[in-house]
Amino acid sequence: MEPWRVIGLLSGTSMDGVDVAAAEFRLRGHEIEMLPLGYRSLPYPEALHRELVSLTRSEKSDASVWCHLEAETSRIFAEAALRGVEELAAGRADLVGSLGQTVCHTTVRGRTTGTLQLGGPSRVAEATGLPVLSDPRGRDVAAGGQGAPLAPVLDLLWLGGATPPPDDALSRGAVLALNLGGIANITVVDEREPVAYDTGPGNALIDAAAELVGAESGRDTDGALAARGQVRPDLLAALLADDYFRTPPPKSTDKERFGARYLRDALTGLPPVPEHDLLATVTEFTVRTVAEACAAHAAGLVVASGGGVANPVLFGGLRRELGRHGARLCTSGRYGIPPEAKEAYLAALLGFLGPHGIAGNVASCTGAAGPRVLGSITPGRWPLRPPTPVEAPVTALRIPEPGAFPAADREGACASSTWR
């Protein structure tokens with residue numbers, strides 16, 4: 001089949017901007033080839049960032065305020081998509097896949113009752129002229145799943161058949177993919193029935209602590225504050241007491257549960273905690289919960305991505321704790337996907353899978369009734385003519401070397417697409 005060029009969009013739980021990636025996809029038999037074309041991050045205006053963070057913590061919000069937030073967020077998503085097409089895809093793309101900006105994800109007693117994303121696809125379609133696949137979580141939730149995590153579809157195809165570098169090949173035990181976003185999640189690649197779930201906070205509680213102590217930009221940049229502190233055992237024990245960590249998967253959570261309120265509750269009744277010790281302790285909290293979840297699956301190799309990879313205190317702590325359990329830690333860059341860009345490439349992959357009739361969820365990971373084709377399509381400037389659905393199962397995703405797709409194919413990708 002002809003290659004498809006797809007733009008992937010999302011904003012994570014940090015709510016600080018929109019990540020955009022471009023990739024070319026080609027289906028060869030049972031294998032998808034994904035050629036990364038580039039990645040950018042477009043920050044939200046500071047006022048919009050503050051509004052998103054404050055209103056998602058508020059129990060009362062006027063509908064007109066949410067309408068304003070949707071319009072402003074959609075505007076940034078549209079700008080990011082347009083830049084993705086022009087700067088990363090040389091002005092030519094077939095489709096945009098968007099995970100949106102999650103502002104609410106409600107789970108009650110292990111069942112997700114609703115999930116809400118901003119970043120309207122209509123504005124993206126209007127700006128780019130391209131069809132947009134959006135709301136991939138909604139169909140999984142409708143099928144009884146938690147709508148998260150969706151990363152397993154990428155993790156299992158990508159790492160399940162990847163040839164490890166020599167050092168990694170020496171690792172014994174399961175291969176796990178780890179994402180250190182606002183919420184941390186893992187995918188256990190080697191099990192016969194795949195397992196994936198949110199382990200708890202990644203950067204979310206670290207950011208909440210940094211904001212509490214008045215750190216610049218509301219985050220502990222490079223772990224500088226945590227590096228100067230000591231872990232407080234009493235606070236760490238209070239943080240670890242939550243039942244979530246003893247709940248079996250499938251499970252998902254959000255920063256509304258593991259955010260500022262959770263931290264304030266844990267601090268209640270304790271002696272004062274100096275700001276450096278506070279950051280050291282919440283960072284260690286993420287380290288412990290992630291490492292213990294990985295150890296529960298006999299991890300031998302953990303392939304990490306997400307913003308938390310850039311925090312040397314967090315990443316160093318994970319290397320230490322995982323090493324105690326006999327596991328190696330590396331970043332996704334070792335396997336061809338830049339750590340900061342992985343979720344944007346996931347959005348692009350979901351954009352490719354949907355129109356081709358390929359399931360985008362892994363039911364054993366989300367709890368859905370079965371595999372489902374995910375997403376809703378918003379038409380672009382041209383009539384929709386969907387491609388022929390793929391009937392053969394897709395079992396692997398390979399990342400070829402740059403230049404592996406013939407130049408003629410790349411130049412002609414969009415011109416031949418039935419979606420345009």
# chains A, B, ... in the order shown; residues from 1 in each chain; ligands from 1
call {"tool": "residues_around", "arguments": {"residues": "Thr128 of chain A", "least_positions_apart": "3", "cutoff": "9 Å", "atoms": "only C-alpha atoms", "output": "VMD selection string"}}
result
chain A and resid 78 to 79 81 to 82 85 96 123 to 125 131 380 to 381
call {"tool": "closest_atom_pairs", "arguments": {"of": "segment 188-244 of chain A", "to": "segment 292-298 of chain A", "cutoff": "10 Å", "atoms": "only C-alpha atoms", "output": "tab-separated table"}}
result
residue	atom	partner	partner_atom	distance
A:Val188	CA	A:His297	CA	7.3
A:Asp190	CA	A:His297	CA	9.6
A:Glu191	CA	A:His297	CA	9.0
A:Val195	CA	A:His297	CA	9.4
A:Tyr197	CA	A:Ala293	CA	9.6
A:Asp198	CA	A:Ala293	CA	9.5
A:Thr199	CA	A:Ala293	CA	6.5
A:Gly200	CA	A:Ala293	CA	9.6
call {"tool": "write_last_selection", "arguments": {"atoms": "C-alpha atoms", "output": "mmCIF file, in the first residue's frame"}}
result
data_model
loop_
_atom_site.group_PDB
_atom_site.id
_atom_site.type_symbol
_atom_site.label_atom_id
_atom_site.label_comp_id
_atom_site.auth_asym_id
_atom_site.auth_seq_id
_atom_site.Cartn_x
_atom_site.Cartn_y
_atom_site.Cartn_z
ATOM 1 C CA VAL A 188 4.031 -5.557 30.086
ATOM 2 C CA ASP A 190 6.063 -10.297 27.213
ATOM 3 C CA GLU A 191 2.947 -11.722 28.842
ATOM 4 C CA VAL A 195 -1.202 -6.129 30.854
ATOM 5 C CA TYR A 197 -2.211 0.175 33.587
ATOM 6 C CA ASP A 198 -1.510 3.429 35.362
ATOM 7 C CA THR A 199 0.886 2.835 38.256
ATOM 8 C CA GLY A 200 0.034 6.170 39.893
#
call {"tool": "closest_residue", "arguments": {"among": "A:Leu329, A:Leu52, A:Leu270, A:Leu99", "to": "Leu9 of chain A", "atoms": "only C-alpha atoms"}}
result
A:Leu99
call {"tool": "residues_around", "arguments": {"residues": "Gly306 of chain A", "least_positions_apart": "5", "cutoff": "10 Å", "atoms": "only C-alpha atoms", "output": "CSV table (one decimal) with C-alpha atoms, in the first residue's frame"}}
result
chain,number,residue,atom,x,y,z
A,12,GLY,CA,-0.7,15.7,28.5
A,178,LEU,CA,7.1,2.9,30.9
A,179,ASN,CA,5.6,6.3,30.3
A,180,LEU,CA,6.5,9.0,32.8
A,181,GLY,CA,3.9,11.7,32.1
A,182,GLY,CA,1.8,13.4,34.7
A,183,ILE,CA,0.5,9.9,35.4
A,184,ALA,CA,2.9,7.0,35.0
A,202,GLY,CA,4.5,10.3,37.4
A,203,ASN,CA,5.2,14.1,37.3
A,331,THR,CA,14.9,5.3,27.2
A,332,SER,CA,12.7,4.8,24.2
A,338,PRO,CA,12.4,10.0,21.2
A,339,PRO,CA,11.3,9.9,24.8
A,340,GLU,CA,9.5,13.2,24.7
A,341,ALA,CA,7.7,12.4,21.5
A,342,LYS,CA,6.3,8.9,22.1
A,343,GLU,CA,2.7,9.9,22.9
call {"tool": "residues_around", "arguments": {"residues": "His276 of chain A", "least_positions_apart": "6", "cutoff": "9 Å", "atoms": "only C-alpha atoms", "output": "PDB file with N, CA and C atoms, in the first residue's frame"}}
result
ATOM      1  N   ALA A 224      16.080  19.953  40.639  1.00  0.00           N
ATOM      2  CA  ALA A 224      17.040  20.724  41.444  1.00  0.00           C
ATOM      3  C   ALA A 224      16.639  20.814  42.908  1.00  0.00           C
ATOM      4  N   LEU A 225      15.342  20.995  43.182  1.00  0.00           N
ATOM      5  CA  LEU A 225      14.892  21.084  44.574  1.00  0.00           C
ATOM      6  C   LEU A 225      14.981  19.727  45.259  1.00  0.00           C
ATOM      7  N   ALA A 226      14.529  18.675  44.573  1.00  0.00           N
ATOM      8  CA  ALA A 226      14.570  17.339  45.158  1.00  0.00           C
ATOM      9  C   ALA A 226      15.998  16.903  45.471  1.00  0.00           C
ATOM     10  N   ALA A 227      16.930  17.310  44.629  1.00  0.00           N
ATOM     11  CA  ALA A 227      18.326  16.901  44.815  1.00  0.00           C
ATOM     12  C   ALA A 227      18.917  17.457  46.102  1.00  0.00           C
ATOM     13  N   ARG A 228      18.343  18.546  46.623  1.00  0.00           N
ATOM     14  CA  ARG A 228      18.876  19.193  47.827  1.00  0.00           C
ATOM     15  C   ARG A 228      18.163  18.731  49.096  1.00  0.00           C
ATOM     16  N   GLY A 229      17.183  17.828  48.962  1.00  0.00           N
ATOM     17  CA  GLY A 229      16.403  17.418  50.123  1.00  0.00           C
ATOM     18  C   GLY A 229      16.645  15.986  50.538  1.00  0.00           C
ATOM     19  N   GLN A 230      15.985  15.606  51.627  1.00  0.00           N
ATOM     20  CA  GLN A 230      16.020  14.248  52.153  1.00  0.00           C
ATOM     21  C   GLN A 230      14.600  13.695  52.178  1.00  0.00           C
TER      22      GLN A 230
END
call {"tool": "select_by_dssp", "arguments": {"residues": "segment 156-381 of chain A", "states": "helix (DSSP H, G or I)", "output": "PyMOL selection string"}}
result
chain A and resi 156-160+166-169+204-212+216-218+221-227+233-240+243-246+260-267+275-296+307-310+312-324+332-335+339-353+363-366
call {"tool": "residues_around", "arguments": {"residues": "Leu350 of chain A", "least_positions_apart": "2", "cutoff": "8 Å", "atoms": "only C-alpha atoms", "output": "PyMOL selection string"}}
result
chain A and resi 97+136+346-348+352-354+360+374
call {"tool": "atom_distance", "arguments": {"atom1": "atom CA of Lys255 of chain A", "atom2": "atom CA of Ala80 of chain A"}}
result
24.4 Å
call {"tool": "atom_distance", "arguments": {"atom1": "atom CA of Thr281 of chain A", "atom2": "atom CA of Val231 of chain A"}}
result
4.5 Å
call {"tool": "closest_residue", "arguments": {"among": "A:Asp94, A:Glu46, A:Glu256, A:Glu24", "to": "Trp382 of chain A", "atoms": "only C-alpha atoms"}}
result
A:Asp94
call {"tool": "residues_around", "arguments": {"residues": "Arg219 of chain A", "least_positions_apart": "4", "cutoff": "12 Å", "atoms": "only C-alpha atoms", "output": "list in words"}}
result
Ser14, Asp16, Gly182, Asn203, Ala204, Leu205, Ile206, Asp207, Ala208, Ala209, Ala210, Glu211, Leu212, Val213, Gly214, Ala215, Gly223, Ala224, Leu225, Ala226, Leu279, Thr283, Gly307, Gly308 and Asn311 of chain A
call {"tool": "write_last_selection", "arguments": {"atoms": "N, CA, C and O atoms", "output": "compact mmCIF listing (two decimals), in the first residue's frame"}}
result
# COMPACT_ATOMS: atom_id res chain seq x y z
N SER A 14 0.11 17.53 32.25
CA SER A 14 0.75 18.75 32.74
C SER A 14 0.04 19.99 32.21
O SER A 14 0.19 21.09 32.75
N ASP A 16 0.55 21.94 29.72
CA ASP A 16 1.42 23.08 29.44
C ASP A 16 1.60 23.37 27.96
O ASP A 16 2.28 24.32 27.59
N GLY A 182 2.38 12.98 33.39
CA GLY A 182 1.81 13.42 34.65
C GLY A 182 1.41 12.22 35.50
O GLY A 182 1.62 12.18 36.71
N ASN A 203 4.79 12.72 37.00
CA ASN A 203 5.22 14.08 37.32
C ASN A 203 4.16 14.89 38.05
O ASN A 203 4.46 15.97 38.57
N ALA A 204 2.92 14.41 38.10
CA ALA A 204 1.82 15.23 38.59
C ALA A 204 2.03 15.70 40.02
O ALA A 204 1.83 16.88 40.34
N LEU A 205 2.40 14.79 40.89
CA LEU A 205 2.55 15.17 42.29
C LEU A 205 3.82 16.00 42.51
O LEU A 205 3.86 16.86 43.38
N ILE A 206 4.83 15.76 41.70
CA ILE A 206 6.05 16.58 41.77
C ILE A 206 5.71 18.02 41.39
O ILE A 206 6.13 18.97 42.04
N ASP A 207 4.90 18.17 40.32
CA ASP A 207 4.49 19.51 39.91
C ASP A 207 3.62 20.17 40.98
O ASP A 207 3.76 21.38 41.25
N ALA A 208 2.72 19.39 41.61
CA ALA A 208 1.88 19.95 42.66
C ALA A 208 2.71 20.42 43.84
O ALA A 208 2.45 21.49 44.43
N ALA A 209 3.74 19.65 44.20
CA ALA A 209 4.63 20.05 45.30
C ALA A 209 5.43 21.29 44.93
O ALA A 209 5.62 22.20 45.76
N ALA A 210 5.90 21.35 43.68
CA ALA A 210 6.67 22.52 43.25
C ALA A 210 5.81 23.78 43.27
O ALA A 210 6.27 24.86 43.68
N GLU A 211 4.55 23.63 42.86
CA GLU A 211 3.64 24.78 42.91
C GLU A 211 3.36 25.19 44.35
O GLU A 211 3.29 26.38 44.66
N LEU A 212 3.24 24.22 45.23
CA LEU A 212 2.96 24.50 46.64
C LEU A 212 4.07 25.32 47.28
O LEU A 212 3.80 26.21 48.09
N VAL A 213 5.32 25.05 46.92
CA VAL A 213 6.44 25.79 47.51
C VAL A 213 6.81 27.03 46.71
O VAL A 213 7.78 27.73 47.03
N GLY A 214 6.05 27.32 45.65
CA GLY A 214 6.28 28.53 44.87
C GLY A 214 7.45 28.46 43.92
O GLY A 214 8.06 29.48 43.59
N ALA A 215 7.77 27.25 43.42
CA ALA A 215 8.89 27.11 42.48
C ALA A 215 8.57 27.82 41.18
O ALA A 215 7.41 27.90 40.75
N GLY A 223 14.93 18.49 38.60
CA GLY A 223 14.98 17.90 39.93
C GLY A 223 15.87 18.64 40.90
O GLY A 223 16.32 18.08 41.91
N ALA A 224 16.08 19.95 40.64
CA ALA A 224 17.04 20.72 41.44
C ALA A 224 16.64 20.81 42.91
O ALA A 224 17.49 20.74 43.80
N LEU A 225 15.34 20.99 43.18
CA LEU A 225 14.89 21.08 44.57
C LEU A 225 14.98 19.73 45.26
O LEU A 225 15.46 19.62 46.40
N ALA A 226 14.53 18.68 44.57
CA ALA A 226 14.57 17.34 45.16
C ALA A 226 16.00 16.90 45.47
O ALA A 226 16.25 16.22 46.48
N LEU A 279 9.96 17.96 48.02
CA LEU A 279 10.20 17.55 46.63
C LEU A 279 10.95 16.23 46.57
O LEU A 279 10.67 15.38 45.70
N THR A 283 9.14 12.88 44.84
CA THR A 283 9.88 12.26 43.75
C THR A 283 10.15 10.79 44.06
O THR A 283 9.98 9.91 43.21
N GLY A 307 8.01 13.00 29.83
CA GLY A 307 8.74 14.13 30.38
C GLY A 307 9.58 13.80 31.59
O GLY A 307 10.62 14.44 31.83
N GLY A 308 9.17 12.80 32.39
CA GLY A 308 9.92 12.45 33.58
C GLY A 308 11.31 11.93 33.31
O GLY A 308 12.18 11.95 34.20
N ASN A 311 14.07 14.35 34.16
CA ASN A 311 14.33 14.69 35.56
C ASN A 311 15.40 13.73 36.09
O ASN A 311 15.11 12.55 36.33
call {"tool": "closest_residue", "arguments": {"among": "A:Leu314, A:Ala344, A:Pro386, A:Leu349", "to": "Arg26 of chain A", "atoms": "only C-alpha atoms"}}
result
A:Leu349
call {"tool": "select_by_dssp", "arguments": {"residues": "segment 17-138 of chain A", "states": "strand (DSSP E)", "output": "VMD selection string"}}
result
chain A and resid 17 to 28 31 to 43 95 to 108 111 to 118 132 to 134
call {"tool": "closest_atom_pairs", "arguments": {"of": "segment 209-319 of chain A", "to": "segment 361-366 of chain A", "cutoff": "8 Å", "atoms": "only C-alpha atoms", "output": "tab-separated table"}}
result
residue	atom	partner	partner_atom	distance
A:Pro249	CA	A:Cys365	CA	7.7
A:Pro250	CA	A:Cys365	CA	5.7
A:Lys251	CA	A:Thr366	CA	7.4
call {"tool": "atom_distance", "arguments": {"atom1": "atom CA of Glu33 of chain A", "atom2": "atom CA of Thr378 of chain A"}}
result
25.3 Å
call {"tool": "closest_residue", "arguments": {"among": "A:Ala89, A:Val309, A:Tyr44, A:Ala177", "to": "Leu154 of chain A", "atoms": "only C-alpha atoms"}}
result
A:Ala177
call {"tool": "closest_residue", "arguments": {"among": "A:Leu176, A:Val141, A:Val65, A:Ala368", "to": "Leu156 of chain A", "atoms": "only C-alpha atoms"}}
result
A:Leu176
call {"tool": "closest_residue", "arguments": {"among": "A:Ala369, A:Ala127, A:Ala63, A:Ala241", "to": "Gly144 of chain A", "atoms": "only C-alpha atoms"}}
result
A:Ala369
call {"tool": "residues_around", "arguments": {"residues": "Cys104 of chain A", "least_positions_apart": "5", "cutoff": "9 Å", "atoms": "only C-alpha atoms", "output": "PDB file with C-alpha atoms, in the first residue's frame"}}
result
ATOM      1  CA  THR A  56      -9.865  21.313  36.380  1.00  0.00           C
ATOM      2  CA  GLY A 114     -16.774   9.360  31.515  1.00  0.00           C
ATOM      3  CA  THR A 115     -13.813  10.954  29.813  1.00  0.00           C
ATOM      4  CA  LEU A 116     -13.636  14.493  28.433  1.00  0.00           C
ATOM      5  CA  GLN A 117     -11.097  16.021  26.053  1.00  0.00           C
ATOM      6  CA  ASP A 254      -5.659  10.942  36.850  1.00  0.00           C
ATOM      7  CA  GLU A 256      -7.327  14.907  40.095  1.00  0.00           C
TER       8      GLU A 256
END
